[in-house]
Each structure stands twice: as C-alpha cells, then as structure tokens.
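Enquirer: Before we start, here is the structure in question, set down as structure tokens.
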Amino acid sequence: MGIVTPFPGAARPDQVGFDRAELNRILDLYGRMVAAGHWRDYAIDLGRDAAVFSAFRRTAERPEFRIEKRPALRHRQGMWALVGEAGQVIRRGQELGPVLAPVERRLMKLVEE
C-alpha cells in the first residue's frame with residue numbers, strides 16, 4: 001500500500017509533560033491540600049508549549065492555582081510558573097520547589113505553647 005515517511009525536522013516531541021519527580025512533588029502537595037480541605041479536584045493538560053496542572057476548590061469553577069511548565073522560557077524567566085485564579089502570575093522560577101512555596105505556606109499551622 002502506502003509508505004509512511006517521517007516528517008523532516010520533527011526531532012522534538014509533540015507535547016510537553018512532567019517527569020516522575022516533578023509529578024510526585026506536585027501530587028504530594030495536592031494530597032496535602034486535599035487532606036487539609038482546600039482542594040477537591042485537579043486536571044492535567046499536556047500541550048505543545050506547556051504542561052499545566054490545575055487545582056480546583058470545587059469541580060465546577062476556575063482553578064484556584066495552575067502550575068505551568070513551559071520549557072521555552074527556561075533561559076528567560078524560568079520554565080515554572082504558579083498562576084492564580086484570576087490569571088496573575090504569582091511566582092516564576094527555574095526550579096519547582098520555590099515556585100510551590102506560596103501554596104505550601106498555606107499548610108503551615110501555628111503551634112501554641
């Protein structure tokens with residue numbers, strides 16, 4: 001029948017994704033936020049330009065936070081971004097840990113002596 005020939009110059013993959021360590025870190029935070037009663041649902045969107053993890057307070061509303069990985073911005077602003085509910089960029093950076101810090105601060109509780 002026909003011969004399938006690969007498209008020239010298609011060396012890079014068609015979508016951006018999270019590696020195992022990144023996804024473990026994000027899902028660990030998600031699990032702690034669910035246990036604390038802050039989040040109830042999540043969505044993962046893997047596209048050509050970005051991989052996005054969205055966390056929802058309720059299923060039928062906009063995500064409270066989006067964690068975006070955009071490798072094209074690696075050498076500029078940093079490939080990681082924490083985006084708020086209204087679309088504002090809360091934190092941007094080269095590494096995932098510091099970008100997640102504002103969300104992790106919500107889990108800290110003051111202990112009375």
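Naming works like this for the structure tokens: A, B, ... for the chains as they're shown, residue 1 at the start of each chain, ligands 1 onward in shown order.
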May I have the residues within 9 Å of A:Ile44 as a list in words, using only C-alpha atoms and disregarding those fewer than 6 positions away in the same chain?
Expert: Ala51, Val52, Phe53 and Ser54 of chain A
Enquirer: I need the residues from that last selection saved to file as a PDB file, in the first residue's frame (with C-alpha atoms), if you can.
Expert:
ATOM      1  CA  ALA A  51       2.193  21.207  30.676  1.00  0.00           C
ATOM      2  CA  VAL A  52      -0.350  22.541  33.171  1.00  0.00           C
ATOM      3  CA  PHE A  53      -1.542  21.103  36.493  1.00  0.00           C
ATOM      4  CA  SER A  54      -4.719  22.864  37.665  1.00  0.00           C
TER       5      SER A  54
END
Enquirer: Name the residues of chain A that come out as strand (DSSP E or B) in a backbone DSSP run; write them as a PyMOL selection string.
Expert: chain A and resi 41-46+51-56+65-69+80-83+89-93
Enquirer: With only C-alpha atoms as the atoms that count, which of A:Ala43, A:Ile90, A:Val99, A:Ala35 lies nearest to A:Lys69?
Expert: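 Answer, going by the shortest atom-to-atom distance: A:Val99.
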Enquirer: Mind checking DSSP for chain A and telling me the alpha helix (DSSP H) residues as a list in words?
Expert: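 Filtering chain A down to alpha helix (DSSP H) leaves Arg20, Ala21, Glu22, Leu23, Asn24, Arg25, Ile26, Leu27, Asp28, Leu29, Tyr30, Gly31, Arg32, Met33, Val34, Ala35, Leu96, Gly97, Pro98, Val99, Leu100, Ala101, Pro102, Val103, Glu104 and Arg105 of chain A.
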Enquirer: The selected residues should be written to file as a tab-separated table (two decimals), in the first residue's frame (atoms: C-alpha atoms).
Expert:
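That gives us selection.tsv:
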chain	number	residue	atom	x	y	z
A	20	ARG	CA	8.26	11.46	37.54
A	21	ALA	CA	9.99	13.60	40.19
A	22	GLU	CA	8.06	16.74	39.18
A	23	LEU	CA	4.72	14.95	39.18
A	24	ASN	CA	5.49	13.33	42.55
A	25	ARG	CA	6.23	16.75	44.05
A	26	ILE	CA	3.04	18.27	42.62
A	27	LEU	CA	0.82	15.34	43.63
A	28	ASP	CA	2.33	15.32	47.13
A	29	LEU	CA	1.32	18.97	47.54
A	30	TYR	CA	-2.10	18.20	46.05
A	31	GLY	CA	-2.64	15.34	48.51
A	32	ARG	CA	-1.74	17.52	51.48
A	33	MET	CA	-4.08	20.29	50.26
A	34	VAL	CA	-6.93	17.74	49.86
A	35	ALA	CA	-6.28	16.42	53.38
A	96	LEU	CA	9.73	23.75	41.08
A	97	GLY	CA	10.26	23.93	44.87
A	98	PRO	CA	10.46	27.72	45.27
A	99	VAL	CA	7.56	28.18	42.85
A	100	LEU	CA	5.32	25.99	45.04
A	101	ALA	CA	6.35	27.78	48.26
A	102	PRO	CA	3.36	30.20	48.41
A	103	VAL	CA	0.93	27.27	48.29
A	104	GLU	CA	2.90	25.24	50.84
A	105	ARG	CA	2.83	28.20	53.25
Enquirer: Considering only C-alpha atoms, return as a list in words whatever protein or nucleic-acid residues lie within 8 Å of A:Val83, sequence-local ones (same chain, fewer than 6 positions apart) excluded.
Expert: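 Surrounding residues, per the criterion: Phe65, Arg66, Ile67, Glu68, Val89, Ile90 and Arg91 of chain A.
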Enquirer: Rounded to one decimal in Å, what is the spacing between atom CA of A:Arg92 and atom CA of A:Ala72?
Expert: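 Separating atom CA of A:Arg92 from atom CA of A:Ala72 is a distance of 13.5 Å.
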Enquirer: Considering only C-alpha atoms, can you say which of A:Leu107, A:Ala50, A:Val4, A:Glu64 comes closest to A:Met79?
Expert: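 Counting only C-alpha atoms, the residue closest to A:Met79 is A:Ala50.
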Enquirer: Report, in Å to a single decimal, how far apart atom CA of A:Ala86 and atom CA of A:Arg74 are.
Expert: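 For atom CA of A:Arg74 relative to atom CA of A:Ala86, the distance reads 23.9 Å.
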Enquirer: Which residues come within 8 Å of A:Arg40, counting only C-alpha atoms, excluding same-chain residues fewer than 2 positions away, as a list in words?
Expert: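 That gives Val34, Gly37, His38, Tyr42, Ala55, Phe56, Arg57, Arg58 and Thr59 of chain A.
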